[in-house]
Each structure stands twice: as C-alpha cells, then as structure tokens.
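For reference, the structure discussed in these notes is given below.
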Amino acid sequence: MAYNTELADRVREWLAAVDHINVEEKKMFSGLAFLVNGKMCINISHDNLMCRYDPELQDEVSEKAGFLPMIMRGKQLKEYCCVEPAGFKKPEDFEYWMKICLEYNPIAKASKKK
C-alpha cells in the first residue's frame with residue numbers, strides 16, 4: 001500500500017483545521033482514505049489525490065489541471081476523480097479540491113454497512 005506520506009500529512013493538517021467534522025483514516029483503494037463523518041471524502045493513492053465531489057461539478061473539475069477520470073471496472077465513476085500533483089501543487093489549487101470534497105460530504109451517500 002503505497003501513498004505519499006507528505007501529501008497525507010497535508011490533507012490531515014487541512015482537515016484538522018475544520019470545525020465540527022469527525023475524521024477517520026482508513027487504508028482503502030490502495031492508499032489512505034480520509035472519511036469525514038463516516039463517508040469517504042478524499043483519498044491519497046501514490047502521489048495522487050482521489051476526490052469525491054458533487055457530480056454537478058463534472059464539467060468544471062474536468063477542466064482543472066491534473067484531473068483524471070476515475071475508472072473502475074471499465075466504467076467512469078461520476079462523483080470521483082484522481083488529481084495528479086500538478087493539479088494541487090499551488091496552495092489555492094489544493095484548497096479548491098479539499099473544499100469541493102468537504103462541500104459534497106454532507107449530501108454524499110454513505111456506503112452500506114456490512
């Protein structure tokens with residue numbers, strides 16, 4: 001399970017500054033997932049961010065530097081994407097991704113409990 005620990009620290013620090021959320025870290029998707037209030041919000045896989053965002057933003061996010069569609073089993077997942085380091089190198093770009101993930105979190109569906 002390889003993920004960029006410096007990037008994980010960056011996400012961890014950013015989330016720690018947000019009030020009224022519960023953050024849990026869990027190894028998932030070949031990386032480290034940050035669950036916010038029980039729902040997968042953002043993930044670190046290798047050097048990339050995997051973001052969960054409102055599918056209504058698809059056109060906007062697909063134009064961002066570093067954007068890669070999230071493909072699983074040959075199908076694009078509409079509310080997820082990967083972002084290469086070029087897309088979040090600048091602090092304002094990193095903040096953009098973090099904010100859209102957190103904004104979607106309250107309305108995102110929780111995964112079914114096993």
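Ordered as shown in the structure tokens, chains take letters A, B, and onward, while each chain numbers its residues from 1 and ligands are numbered from 1 in the order shown.
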Taking only stretch 35-94 of chain A into account, list the residues labelled strand (DSSP E) by DSSP (computed from the backbone), as a list in words.
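The residues of stretch 35-94 of chain A classed as strand (DSSP E) are Leu35, Val36, Lys39, Met40, Cys41, Ile42, Asn43, Ile44, Ser45, Asn48, Leu49, Met50, Cys51, Arg52, Phe67, Leu68, Pro69, Met70, Ile71, Met72, Lys75, Gln76, Leu77, Lys78, Glu79, Tyr80, Cys81, Cys82 and Val83 of chain A.
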Which residues are close to stretch 61-69 of chain A, i.e. within 8 Å by only C-alpha atoms, leaving aside same-chain residues fewer than 2 positions away? Reply as a PyMOL selection string.
chain A and resi 57-59+71+76-77+80-88
Output N, CA and C atoms for every residue in that selection, as an mmCIF file, in the first residue's frame.
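Written out: selection_0.cif:
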data_model
loop_
_atom_site.group_PDB
_atom_site.id
_atom_site.type_symbol
_atom_site.label_atom_id
_atom_site.label_comp_id
_atom_site.auth_asym_id
_atom_site.auth_seq_id
_atom_site.Cartn_x
_atom_site.Cartn_y
_atom_site.Cartn_z
ATOM 1 N N LEU A 57 -20.555 19.189 -10.667
ATOM 2 C CA LEU A 57 -19.331 19.936 -10.961
ATOM 3 C C LEU A 57 -18.458 19.268 -12.017
ATOM 4 N N GLN A 58 -18.956 18.204 -12.632
ATOM 5 C CA GLN A 58 -18.142 17.422 -13.570
ATOM 6 C C GLN A 58 -17.458 18.269 -14.640
ATOM 7 N N ASP A 59 -18.195 19.144 -15.292
ATOM 8 C CA ASP A 59 -17.594 19.966 -16.356
ATOM 9 C C ASP A 59 -16.493 20.865 -15.795
ATOM 10 N N ILE A 71 -11.762 5.580 -13.154
ATOM 11 C CA ILE A 71 -12.286 4.433 -13.897
ATOM 12 C C ILE A 71 -12.161 3.188 -13.022
ATOM 13 N N GLN A 76 -16.525 4.850 -15.804
ATOM 14 C CA GLN A 76 -16.166 6.080 -15.102
ATOM 15 C C GLN A 76 -17.120 6.308 -13.934
ATOM 16 N N LEU A 77 -16.561 6.556 -12.764
ATOM 17 C CA LEU A 77 -17.363 6.876 -11.585
ATOM 18 C C LEU A 77 -17.624 8.371 -11.581
ATOM 19 N N TYR A 80 -16.275 10.815 -8.563
ATOM 20 C CA TYR A 80 -14.893 10.634 -8.143
ATOM 21 C C TYR A 80 -13.934 11.024 -9.270
ATOM 22 N N CYS A 81 -12.764 11.482 -8.889
ATOM 23 C CA CYS A 81 -11.696 11.692 -9.856
ATOM 24 C C CYS A 81 -10.362 11.543 -9.141
ATOM 25 N N CYS A 82 -9.331 11.379 -9.932
ATOM 26 C CA CYS A 82 -7.969 11.437 -9.415
ATOM 27 C C CYS A 82 -7.382 12.766 -9.862
ATOM 28 N N VAL A 83 -6.487 13.294 -9.042
ATOM 29 C CA VAL A 83 -5.829 14.544 -9.377
ATOM 30 C C VAL A 83 -4.333 14.334 -9.226
ATOM 31 N N GLU A 84 -3.618 14.532 -10.321
ATOM 32 C CA GLU A 84 -2.164 14.399 -10.296
ATOM 33 C C GLU A 84 -1.548 15.596 -9.582
ATOM 34 N N PRO A 85 -0.314 15.458 -9.075
ATOM 35 C CA PRO A 85 0.320 16.525 -8.298
ATOM 36 C C PRO A 85 0.303 17.910 -8.949
ATOM 37 N N ALA A 86 0.389 17.989 -10.260
ATOM 38 C CA ALA A 86 0.350 19.302 -10.922
ATOM 39 C C ALA A 86 -0.949 20.039 -10.637
ATOM 40 N N GLY A 87 -2.000 19.300 -10.305
ATOM 41 C CA GLY A 87 -3.308 19.894 -10.068
ATOM 42 C C GLY A 87 -3.529 20.420 -8.665
ATOM 43 N N PHE A 88 -2.614 20.130 -7.749
ATOM 44 C CA PHE A 88 -2.787 20.629 -6.387
ATOM 45 C C PHE A 88 -1.484 21.142 -5.783
#
Show me, as a Markdown table, the residues of stretch 42-69 of chain A having an atom within 12 Å of stretch 14-29 of chain A, each with the closest atom pair and its distance in Å, using only C-alpha atoms.
| residue | atom | partner | partner_atom | distance |
| --- | --- | --- | --- | --- |
| A:Ile42 | CA | A:Glu25 | CA | 10.0 |
| A:Asn43 | CA | A:Phe29 | CA | 7.9 |
| A:Ile44 | CA | A:Phe29 | CA | 8.7 |
| A:Ser45 | CA | A:Phe29 | CA | 7.3 |
| A:His46 | CA | A:Phe29 | CA | 10.5 |
| A:Asn48 | CA | A:Phe29 | CA | 11.9 |
| A:Leu49 | CA | A:Phe29 | CA | 11.4 |
| A:Met50 | CA | A:Phe29 | CA | 9.3 |
Would you write out those residues with C-alpha atoms, as a PDB file, in the first residue's frame?
ATOM      1  CA  ILE A  42     -10.649  12.140  -0.040  1.00  0.00           C
ATOM      2  CA  ASN A  43      -8.008   9.512  -0.607  1.00  0.00           C
ATOM      3  CA  ILE A  44      -4.258   9.503  -1.156  1.00  0.00           C
ATOM      4  CA  SER A  45      -3.046   6.925  -3.664  1.00  0.00           C
ATOM      5  CA  HIS A  46       0.630   7.047  -4.559  1.00  0.00           C
ATOM      6  CA  ASN A  48      -2.401  11.495  -6.362  1.00  0.00           C
ATOM      7  CA  LEU A  49      -5.499  12.733  -4.614  1.00  0.00           C
ATOM      8  CA  MET A  50      -8.692  10.811  -5.197  1.00  0.00           C
TER       9      MET A  50
END
Selection near stretch 93-107 of chain A, 6 Å with only C-alpha atoms, sequence-local residues under 4 positions removed, as a ChimeraX atom specification
/A:41,52-54,88
Rank nothing, just name the residue among A:Arg73, A:Arg12, A:Lys78, A:Lys89 nearest to A:Leu35, using only C-alpha atoms.
A:Arg12
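You will find atom CA of A:Asp9 at 10.9 Å from atom CA of A:Leu32.
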So how many Å separate atom CA of A:Thr5 and atom CA of A:Lys90, to one decimal?
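Atom CA of A:Lys90 lies at a distance of 17.8 Å from atom CA of A:Thr5.
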